Amino acid sequence: MRLAYLLPALLLITHVAVWAQSPLRLSFHHLTREEGLSNNNVISMLRDSRGFLWLGTFNGLNRFDGIECRVYKPTNSGIKGVHIANIIEDKTGDLWVGTDEGLFTYNRATDSFSLVASPSREVQFMASPYYVDYRGLIWVLLSGIKRSGLYTYNPAKKQYNFITDLVSEYLPARPKAPFGTVNTLYTGGSKQAGLYRLSLTNNRVTKVDTFFTGTKQPFKNRIQDYALEENDSIVWVTGNPISLTRLNTRTSQIRQYTTFAEKPIGQLTRGVLYRNWLLFGSVEGGIYLFDRQQDRFVQRIPYSPSRTDGLMANWAEIPYLDQNNNLFLSQLGFGVDYTNLTRINLSNWLTTDDAEQLGLRDNHVARVLGWHDQIWLTTQSEGVIVLDAQGQFQQQYKNKRALLADSKGRVWMLGPYGFDVLNPTTQKTTFLSVSKPHNGDSFLVEVGPGQYLFSTDGLYEIREQPSGKMTMNVVESLAKEKVIACHPMHYDATTKQLFLSANWWSDFYVLTNRQGKWEIKKKKAVPYSVYWIAPATDSSKLWLCTQKGLVLFDKQSFTHQLLTEKQGLPDNIVTNIIPEANGDHWLVTNRGISHYNWTRKEYKNFTSKDGANSKEYDWYGNFIMPDGRVVFGGNNGVTVIDPKANLGYSARPRVQITELYVNEQPFKTTPYIGETQEIELQPSQNTFALHAVGIDYGFPQKATLLYKLDGFDTQWIRASNPATARYTNLPAGTYTFLIKATDESGLQQSDIRKITVVVNAPFWRTAWFRAILIGLLGALAYLFYTLRTKQIRTEVRRKEEIQRIRTEAEINALRSQMNPHFIFNCMNTIDSYILLSKTDEASEFLQKFSRLIRLILENSRQEFISLDQELQTLELYIQLERERSNYKFDYEISADPALSKQDYQIPSMVLQPFVENAILHGLRHKKEDDGELFINLKINHDQLIARIIDNGIGRVASAQINRLRKQESHSVGVALTEERIQKLNEMYPHKAYLKINDIHIENDRGTVVEIGLPLLTLTDVRA
């Protein structure tokens, strides 16, 4: 039996030597026109001090940050020419770019290019900057001018200095760090034949050595830019179709290397130094790695169509290695492949190329099993493949499936007719036949010493006797259920329960062993399709992988908690989980491989960009190796992730702000946003966004950005790379925007980039406006105080004047109302009644007179009286005057009905003087006895209008009579009333007035007195 297992290994032994361990395990990212590159032919590259990669192409200059490309062309910048020959950076951080139309310098502050004129002032010339020395001089090749050759250019003095014309059109890339001394340089010889070594002192050529001219060394041509300088005496020369040549310039001795793995290496292109290795590109051969210590080629990395993380093509023309060991490979016509040589996360074993070398038809890994430090792979059609801990082939077992590594150190493999229980150490095998062939998915678990459960279309119990004999019997409880497709299953030793997914994952059973028999404890324990079962960190729980998400299942209560994309899962279809002791876990979902970090509470995905070689990973093909590496089997071999691989990686990411948006529109700043330290925004510009990128060429998509706006945000905000930090309706003030980048491990982080953000306040909220406003308010307050003081004083004087008028009015009213002539005449009338024995008339007249005197005395104490009191007093006075004149006139008093609706007030005795005038000076002198007196009161808006109309002799005739009698034409009462009306008009502007008009209508004469008074109520008067 042992011989049967050794034969396949003997057949494959010839392939093992070829499939050897490689020094470099590289996964490449790709930059092409699809990712924004202006042209897929890249001819020059530079990683600058800000972390950007600048790429010169046949169609423009590109700035790459690991995620996005920004293209500079004549149409959008000050640069001219689209063929970019070379790029260098000076001490200030400005760039020097040579094109097919001149030499240009890039100013970072303005994000613009400017032309540097040639020594002879040609309009158009070709330039290729070569080096910046310790003095800041720019070494540059110029052609298309009067004197082509190598020059130095002094930016401060704007002066050229000619060095030599013993140079070819191109110079090899200078491997030494910038800002040093140029003592030697290599160039193509005359007519591109051979290689020249120029020795320089004080920027002057002092010696010229020639090589490969056909004398001391074989003739080589067109090798001018294919010389790689190792040190002062050792130069490696490529560019020749047959070899790599090591030249010792001191001894002129050479050594040639023409093969790798006994095959010709083909034509090598340019190279770079990396540790003890030389890394060369090639024409149609990919990358070659030469070990200087072993003095031989040790690895070739070719293009492989099966690897999405491999080279895009075999024509690796120009390699460029930056200070962080990021390797960039220009693949002519295919863009750039890039990776980090010291940063390894993923390995891929049993790839399509590996399977081809091993003579395997299939590398689809359906199940992975760990045994000690070996990996046992069950493939779709090639049986079991055994690899060692480095992924090297060990053994093959055809037509087998490895199901279990048991506690006795044996591997159980299922074949078409039964189990081969193999001890890999002793190669001893025990065979256990099964009742019928089993070609479908099966599962096997160990439930105790010598006790196993085997599931396929049904569940079987296997018992092993001390003698080694094995028996297998069906589990009757499940047989009655007629279950099929019973997988996966998990045995929990603490609760002694079996958890089984059956009927193509539609049912989930829990079984327990009672008195040696397995019985169903719970059927349909969860309403999901269960694809995998694993113990959780909490010993009372299990992880269930389902089509709805990840389920945390309680082993005792059978309750569960569903975790989905809403809780952060990468995808709801989860097919496998590998828990870790610290609470972390690995997942296989429809989106590939993910790792959950318990501390950060976040998932990190691994895709083809990270080197994951398979497009899908099988449900039963995963486990953790003893050294912590995690193995995943998939449709393109095995992916191995080493979480510890990069713990010593020390390259820090960079962070750059690349765009500013204000009110959702691009906004230019001076200096350029990538260089500015402060942004000043107007009040209407308080909605803005800053676009930033974390530059990490090893795994650019896995860099994480953290930012906050001091003065607004209370904590750091975590974002994926790249990110746009957006702030809306920001209050006026001064803020500090902080942003930093961390690599995917969180161990390395960039310096913090700071920008001061000033949002100006509206002018009405500025300090100067507030000062002016305070001054104006102070002035207004003072003005208000002054006016109010004046108003108060005026009001006091007015009130004093009103009080004086009131006092005088009372006295004057009493004087006018107590007219001695009127009283004397009334007394005479009473006396005449008595003499004529008219006692009744005398009594009635006396009563009216006494009532009038009492009302006059009462009213004289008040400034205002009710309208009824005024009319009552007025009617008594008219009656007495009418009776005393022997009824010579009639009278009528009428009032607007609206006046009776409220208690309107009127100045006391304001109408009486005018009624007295009408009677004494108008009606008394009328010869006829048809005198008439009309008094009418009405409301006109907010005024009381009183009219006193008589048909007497008129004011002119009355004045003549008074002059003859030498009497005053204007009574004292009228004069006092006019003064009272004037004072009322001061108290109530435009509400009090007096009009007196004569009546001249044919033979009619008379007088009309119109008095306007404010319409006041008792409330108004008291106020």
# chains A, B, ... in the order shown; residues from 1 in each chain; ligands from 1
>>> select_by_dssp(residues="region 649-819 of chain A", states="strand (DSSP E)", output="PyMOL selection string")
chain A and resi 654-662+665-666+678-681+688-695+704-710+717-720+723-727+733-742+753-759
>>> residues_around(residues="region 202-215 of chain A", least_positions_apart="4", cutoff="10 Å", atoms="only C-alpha atoms", output="ChimeraX atom specification")
/A:151-152,161-164,166,181-190,193-198,219-221,223,247,249,252,254
>>> select_by_dssp(residues="region 810-878 of chain A", states="helix (DSSP H, G or I)", output="number ranges by chain")
A: 810-817, 820-835, 839-859, 867-878
>>> closest_residue(among="A:Asp232, A:Glu356, A:Asp538, A:Glu122", to="Gly102 (chain A)", atoms="only C-alpha atoms")
A:Glu122
>>> residues_around(residues="region 725-736 of chain A", least_positions_apart="6", cutoff="10 Å", atoms="only C-alpha atoms", output="ChimeraX atom specification")
/A:660-664,677-692,706-713,717,719,753-762,765-766
>>> write_last_selection(atoms="C-alpha atoms", output="PDB file, in the first residue's frame")
ATOM      1  CA  LEU A 660     -10.394  72.296  -2.268  1.00  0.00           C
ATOM      2  CA  TYR A 661     -14.080  72.688  -3.044  1.00  0.00           C
ATOM      3  CA  VAL A 662     -16.109  75.706  -1.934  1.00  0.00           C
ATOM      4  CA  ASN A 663     -19.881  75.533  -2.256  1.00  0.00           C
ATOM      5  CA  GLU A 664     -19.425  72.281  -4.210  1.00  0.00           C
ATOM      6  CA  GLN A 677      -0.933  76.750   5.302  1.00  0.00           C
ATOM      7  CA  GLU A 678      -4.103  78.828   5.528  1.00  0.00           C
ATOM      8  CA  ILE A 679      -7.438  79.079   3.761  1.00  0.00           C
ATOM      9  CA  GLU A 680      -9.472  82.266   4.120  1.00  0.00           C
ATOM     10  CA  LEU A 681     -13.162  82.023   3.237  1.00  0.00           C
ATOM     11  CA  GLN A 682     -15.842  84.664   3.023  1.00  0.00           C
ATOM     12  CA  PRO A 683     -19.151  84.355   4.937  1.00  0.00           C
ATOM     13  CA  SER A 684     -20.905  83.015   1.837  1.00  0.00           C
ATOM     14  CA  GLN A 685     -18.175  80.357   1.427  1.00  0.00           C
ATOM     15  CA  ASN A 686     -18.724  78.527   4.716  1.00  0.00           C
ATOM     16  CA  THR A 687     -19.522  75.234   2.974  1.00  0.00           C
ATOM     17  CA  PHE A 688     -16.290  73.617   1.811  1.00  0.00           C
ATOM     18  CA  ALA A 689     -14.594  70.262   1.299  1.00  0.00           C
ATOM     19  CA  LEU A 690     -10.967  69.139   1.315  1.00  0.00           C
ATOM     20  CA  HIS A 691      -9.980  66.129  -0.780  1.00  0.00           C
ATOM     21  CA  ALA A 692      -7.023  64.217   0.664  1.00  0.00           C
ATOM     22  CA  LEU A 706      -8.076  60.243  10.085  1.00  0.00           C
ATOM     23  CA  TYR A 707      -9.080  63.887  10.174  1.00  0.00           C
ATOM     24  CA  LYS A 708     -10.765  66.460  12.340  1.00  0.00           C
ATOM     25  CA  LEU A 709     -11.475  70.176  12.335  1.00  0.00           C
ATOM     26  CA  ASP A 710     -10.246  71.596  15.624  1.00  0.00           C
ATOM     27  CA  GLY A 711     -12.843  73.962  16.954  1.00  0.00           C
ATOM     28  CA  PHE A 712     -15.665  71.982  15.369  1.00  0.00           C
ATOM     29  CA  ASP A 713     -15.061  68.209  15.545  1.00  0.00           C
ATOM     30  CA  ILE A 717     -13.001  60.887  11.976  1.00  0.00           C
ATOM     31  CA  ALA A 719     -12.209  57.432   6.486  1.00  0.00           C
ATOM     32  CA  ARG A 753      -0.889  67.859   7.929  1.00  0.00           C
ATOM     33  CA  LYS A 754      -2.331  71.106   9.267  1.00  0.00           C
ATOM     34  CA  ILE A 755      -4.222  73.875   7.513  1.00  0.00           C
ATOM     35  CA  THR A 756      -5.689  76.911   9.245  1.00  0.00           C
ATOM     36  CA  VAL A 757      -9.211  77.591   8.024  1.00  0.00           C
ATOM     37  CA  VAL A 758     -10.533  81.110   8.575  1.00  0.00           C
ATOM     38  CA  VAL A 759     -14.227  81.679   7.921  1.00  0.00           C
ATOM     39  CA  ASN A 760     -14.777  85.412   7.989  1.00  0.00           C
ATOM     40  CA  ALA A 761     -17.830  86.705   9.797  1.00  0.00           C
ATOM     41  CA  PRO A 762     -20.402  88.861   7.987  1.00  0.00           C
ATOM     42  CA  ARG A 765     -20.383  90.510  13.097  1.00  0.00           C
ATOM     43  CA  THR A 766     -16.851  91.854  12.690  1.00  0.00           C
TER      44      THR A 766
END
>>> residues_around(residues="region 266-274 of chain A", least_positions_apart="5", cutoff="7 Å", atoms="only C-alpha atoms", output="VMD selection string")
chain A and resid 226 228 238 to 243 279 to 283 317 to 321
>>> residues_around(residues="Asn62 (chain A)", least_positions_apart="5", cutoff="10 Å", atoms="only C-alpha atoms", output="ChimeraX atom specification")
/A:36-39,42,45,52-57,68-73,84
>>> residues_around(residues="region 389-401 of chain A", least_positions_apart="5", cutoff="6 Å", atoms="only C-alpha atoms", output="VMD selection string")
chain A and resid 8 to 9 349 373 to 374 378 382 to 384 413 to 415
>>> residues_around(residues="Phe864 (chain A)", least_positions_apart="2", cutoff="7 Å", atoms="only C-alpha atoms", output="PyMOL selection string")
chain A and resi 862+866+905-908
>>> write_last_selection(atoms="all heavy atoms", output="short mmCIF file (atom, residue, chain, number, x, y, z; two decimals), in the first residue's frame")
data_model
loop_
_atom_site.label_atom_id
_atom_site.label_comp_id
_atom_site.auth_asym_id
_atom_site.auth_seq_id
_atom_site.Cartn_x
_atom_site.Cartn_y
_atom_site.Cartn_z
N GLN A 862 -64.00 122.21 37.71
CA GLN A 862 -63.49 121.16 36.83
C GLN A 862 -63.09 121.73 35.48
O GLN A 862 -63.75 122.62 34.96
CB GLN A 862 -64.56 120.09 36.62
CG GLN A 862 -65.08 119.48 37.92
CD GLN A 862 -66.19 118.48 37.65
OE1 GLN A 862 -65.98 117.55 36.88
NE2 GLN A 862 -67.34 118.68 38.27
N SER A 866 -69.14 116.76 31.63
CA SER A 866 -69.84 115.96 30.62
C SER A 866 -70.61 116.88 29.68
O SER A 866 -70.99 118.00 30.04
CB SER A 866 -70.78 114.97 31.28
OG SER A 866 -71.86 115.66 31.89
N GLN A 905 -66.66 114.20 27.13
CA GLN A 905 -66.31 115.34 27.99
C GLN A 905 -66.00 116.57 27.13
O GLN A 905 -65.55 116.44 25.99
CB GLN A 905 -65.09 114.99 28.84
CG GLN A 905 -65.27 113.76 29.72
CD GLN A 905 -66.22 114.02 30.87
OE1 GLN A 905 -66.01 114.95 31.66
NE2 GLN A 905 -67.28 113.22 30.96
N ILE A 906 -66.26 117.74 27.76
CA ILE A 906 -66.06 119.01 27.05
C ILE A 906 -65.56 120.03 28.07
O ILE A 906 -65.91 119.98 29.25
CB ILE A 906 -67.39 119.48 26.41
CG1 ILE A 906 -67.15 120.68 25.48
CG2 ILE A 906 -68.43 119.79 27.45
CD1 ILE A 906 -68.37 121.05 24.67
N PRO A 907 -64.67 120.96 27.65
CA PRO A 907 -64.24 121.99 28.61
C PRO A 907 -65.46 122.75 29.16
O PRO A 907 -66.38 123.10 28.41
CB PRO A 907 -63.33 122.89 27.78
CG PRO A 907 -62.84 122.02 26.67
CD PRO A 907 -63.95 121.09 26.37
N SER A 908 -65.47 123.00 30.46
CA SER A 908 -66.65 123.61 31.11
C SER A 908 -66.91 125.04 30.58
O SER A 908 -65.98 125.82 30.39
CB SER A 908 -66.45 123.63 32.62
OG SER A 908 -65.35 124.42 32.96
#
>>> decode(residues="region 613-640 of chain A", atoms="N, CA, C and O atoms", output="PDB file, in the first residue's frame")
ATOM      1  N   ASN A 613      -5.169  35.387  -5.175  1.00  0.00           N
ATOM      2  CA  ASN A 613      -5.092  34.880  -6.541  1.00  0.00           C
ATOM      3  C   ASN A 613      -6.410  34.309  -7.049  1.00  0.00           C
ATOM      4  O   ASN A 613      -6.624  34.241  -8.249  1.00  0.00           O
ATOM      5  N   SER A 614      -7.270  33.849  -6.151  1.00  0.00           N
ATOM      6  CA  SER A 614      -8.517  33.216  -6.566  1.00  0.00           C
ATOM      7  C   SER A 614      -9.646  34.230  -6.611  1.00  0.00           C
ATOM      8  O   SER A 614      -9.687  35.181  -5.822  1.00  0.00           O
ATOM      9  N   LYS A 615     -10.576  33.970  -7.530  1.00  0.00           N
ATOM     10  CA  LYS A 615     -11.761  34.821  -7.606  1.00  0.00           C
ATOM     11  C   LYS A 615     -12.839  34.370  -6.637  1.00  0.00           C
ATOM     12  O   LYS A 615     -13.727  35.145  -6.287  1.00  0.00           O
ATOM     13  N   GLU A 616     -12.795  33.087  -6.241  1.00  0.00           N
ATOM     14  CA  GLU A 616     -13.712  32.601  -5.215  1.00  0.00           C
ATOM     15  C   GLU A 616     -12.998  31.568  -4.368  1.00  0.00           C
ATOM     16  O   GLU A 616     -12.078  30.878  -4.839  1.00  0.00           O
ATOM     17  N   TYR A 617     -13.418  31.483  -3.107  1.00  0.00           N
ATOM     18  CA  TYR A 617     -12.765  30.582  -2.153  1.00  0.00           C
ATOM     19  C   TYR A 617     -13.784  29.571  -1.646  1.00  0.00           C
ATOM     20  O   TYR A 617     -14.926  29.928  -1.330  1.00  0.00           O
ATOM     21  N   ASP A 618     -13.357  28.320  -1.566  1.00  0.00           N
ATOM     22  CA  ASP A 618     -14.271  27.254  -1.190  1.00  0.00           C
ATOM     23  C   ASP A 618     -14.583  27.274   0.302  1.00  0.00           C
ATOM     24  O   ASP A 618     -13.785  27.727   1.122  1.00  0.00           O
ATOM     25  N   TRP A 619     -15.747  26.736   0.631  1.00  0.00           N
ATOM     26  CA  TRP A 619     -16.278  26.858   1.978  1.00  0.00           C
ATOM     27  C   TRP A 619     -15.467  26.072   3.003  1.00  0.00           C
ATOM     28  O   TRP A 619     -15.379  26.456   4.148  1.00  0.00           O
ATOM     29  N   TYR A 620     -14.897  24.930   2.570  1.00  0.00           N
ATOM     30  CA  TYR A 620     -14.225  24.059   3.532  1.00  0.00           C
ATOM     31  C   TYR A 620     -12.713  24.133   3.385  1.00  0.00           C
ATOM     32  O   TYR A 620     -12.002  23.270   3.857  1.00  0.00           O
ATOM     33  N   GLY A 621     -12.228  25.182   2.717  1.00  0.00           N
ATOM     34  CA  GLY A 621     -10.811  25.230   2.380  1.00  0.00           C
ATOM     35  C   GLY A 621     -10.016  26.236   3.164  1.00  0.00           C
ATOM     36  O   GLY A 621      -9.260  27.000   2.563  1.00  0.00           O
ATOM     37  N   ASN A 622     -10.140  26.292   4.502  1.00  0.00           N
ATOM     38  CA  ASN A 622      -9.462  27.346   5.249  1.00  0.00           C
ATOM     39  C   ASN A 622      -9.037  26.849   6.633  1.00  0.00           C
ATOM     40  O   ASN A 622      -9.789  26.122   7.283  1.00  0.00           O
ATOM     41  N   PHE A 623      -7.876  27.292   7.074  1.00  0.00           N
ATOM     42  CA  PHE A 623      -7.452  27.007   8.446  1.00  0.00           C
ATOM     43  C   PHE A 623      -6.243  27.874   8.791  1.00  0.00           C
ATOM     44  O   PHE A 623      -5.640  28.495   7.902  1.00  0.00           O
ATOM     45  N   ILE A 624      -5.895  27.915  10.083  1.00  0.00           N
ATOM     46  CA  ILE A 624      -4.752  28.680  10.560  1.00  0.00           C
ATOM     47  C   ILE A 624      -3.605  27.715  10.844  1.00  0.00           C
ATOM     48  O   ILE A 624      -3.770  26.733  11.580  1.00  0.00           O
ATOM     49  N   MET A 625      -2.437  28.019  10.275  1.00  0.00           N
ATOM     50  CA  MET A 625      -1.253  27.182  10.488  1.00  0.00           C
ATOM     51  C   MET A 625      -0.679  27.438  11.879  1.00  0.00           C
ATOM     52  O   MET A 625      -0.978  28.461  12.514  1.00  0.00           O
ATOM     53  N   PRO A 626       0.142  26.530  12.392  1.00  0.00           N
ATOM     54  CA  PRO A 626       0.717  26.709  13.737  1.00  0.00           C
ATOM     55  C   PRO A 626       1.485  28.014  13.913  1.00  0.00           C
ATOM     56  O   PRO A 626       1.536  28.556  15.011  1.00  0.00           O
ATOM     57  N   ASP A 627       2.085  28.538  12.843  1.00  0.00           N
ATOM     58  CA  ASP A 627       2.854  29.786  12.960  1.00  0.00           C
ATOM     59  C   ASP A 627       1.985  31.029  12.785  1.00  0.00           C
ATOM     60  O   ASP A 627       2.498  32.139  12.757  1.00  0.00           O
ATOM     61  N   GLY A 628       0.648  30.877  12.649  1.00  0.00           N
ATOM     62  CA  GLY A 628      -0.255  32.017  12.559  1.00  0.00           C
ATOM     63  C   GLY A 628      -0.659  32.391  11.155  1.00  0.00           C
ATOM     64  O   GLY A 628      -1.563  33.214  10.977  1.00  0.00           O
ATOM     65  N   ARG A 629      -0.019  31.809  10.150  1.00  0.00           N
ATOM     66  CA  ARG A 629      -0.437  32.095   8.779  1.00  0.00           C
ATOM     67  C   ARG A 629      -1.794  31.451   8.510  1.00  0.00           C
ATOM     68  O   ARG A 629      -2.100  30.383   9.042  1.00  0.00           O
ATOM     69  N   VAL A 630      -2.586  32.110   7.656  1.00  0.00           N
ATOM     70  CA  VAL A 630      -3.943  31.649   7.376  1.00  0.00           C
ATOM     71  C   VAL A 630      -3.989  31.172   5.931  1.00  0.00           C
ATOM     72  O   VAL A 630      -3.511  31.860   5.025  1.00  0.00           O
ATOM     73  N   VAL A 631      -4.573  29.987   5.741  1.00  0.00           N
ATOM     74  CA  VAL A 631      -4.596  29.336   4.434  1.00  0.00           C
ATOM     75  C   VAL A 631      -6.019  29.325   3.903  1.00  0.00           C
ATOM     76  O   VAL A 631      -6.949  28.940   4.613  1.00  0.00           O
ATOM     77  N   PHE A 632      -6.164  29.730   2.647  1.00  0.00           N
ATOM     78  CA  PHE A 632      -7.469  29.735   1.985  1.00  0.00           C
ATOM     79  C   PHE A 632      -7.339  29.008   0.652  1.00  0.00           C
ATOM     80  O   PHE A 632      -6.496  29.369  -0.184  1.00  0.00           O
ATOM     81  N   GLY A 633      -8.168  28.000   0.430  1.00  0.00           N
ATOM     82  CA  GLY A 633      -8.191  27.303  -0.838  1.00  0.00           C
ATOM     83  C   GLY A 633      -9.250  27.892  -1.749  1.00  0.00           C
ATOM     84  O   GLY A 633     -10.367  28.193  -1.303  1.00  0.00           O
ATOM     85  N   GLY A 634      -8.916  28.016  -3.034  1.00  0.00           N
ATOM     86  CA  GLY A 634      -9.854  28.615  -3.967  1.00  0.00           C
ATOM     87  C   GLY A 634      -9.717  28.038  -5.352  1.00  0.00           C
ATOM     88  O   GLY A 634      -9.047  27.022  -5.569  1.00  0.00           O
ATOM     89  N   ASN A 635     -10.327  28.702  -6.303  1.00  0.00           N
ATOM     90  CA  ASN A 635     -10.359  28.174  -7.664  1.00  0.00           C
ATOM     91  C   ASN A 635      -9.052  28.364  -8.413  1.00  0.00           C
ATOM     92  O   ASN A 635      -8.921  27.924  -9.558  1.00  0.00           O
ATOM     93  N   ASN A 636      -8.070  29.029  -7.799  1.00  0.00           N
ATOM     94  CA  ASN A 636      -6.752  29.185  -8.420  1.00  0.00           C
ATOM     95  C   ASN A 636      -5.660  28.911  -7.402  1.00  0.00           C
ATOM     96  O   ASN A 636      -4.784  29.726  -7.159  1.00  0.00           O
ATOM     97  N   GLY A 637      -5.766  27.758  -6.757  1.00  0.00           N
ATOM     98  CA  GLY A 637      -4.743  27.358  -5.814  1.00  0.00           C
ATOM     99  C   GLY A 637      -5.024  27.825  -4.407  1.00  0.00           C
ATOM    100  O   GLY A 637      -6.174  27.930  -3.968  1.00  0.00           O
ATOM    101  N   VAL A 638      -3.950  28.160  -3.694  1.00  0.00           N
ATOM    102  CA  VAL A 638      -4.025  28.485  -2.279  1.00  0.00           C
ATOM    103  C   VAL A 638      -3.493  29.894  -2.061  1.00  0.00           C
ATOM    104  O   VAL A 638      -2.436  30.254  -2.593  1.00  0.00           O
ATOM    105  N   THR A 639      -4.210  30.661  -1.275  1.00  0.00           N
ATOM    106  CA  THR A 639      -3.751  31.982  -0.840  1.00  0.00           C
ATOM    107  C   THR A 639      -3.365  31.888   0.628  1.00  0.00           C
ATOM    108  O   THR A 639      -4.159  31.424   1.452  1.00  0.00           O
ATOM    109  N   VAL A 640      -2.168  32.338   0.945  1.00  0.00           N
ATOM    110  CA  VAL A 640      -1.666  32.280   2.318  1.00  0.00           C
ATOM    111  C   VAL A 640      -1.398  33.704   2.782  1.00  0.00           C
ATOM    112  O   VAL A 640      -0.658  34.457   2.130  1.00  0.00           O
TER     113      VAL A 640
END
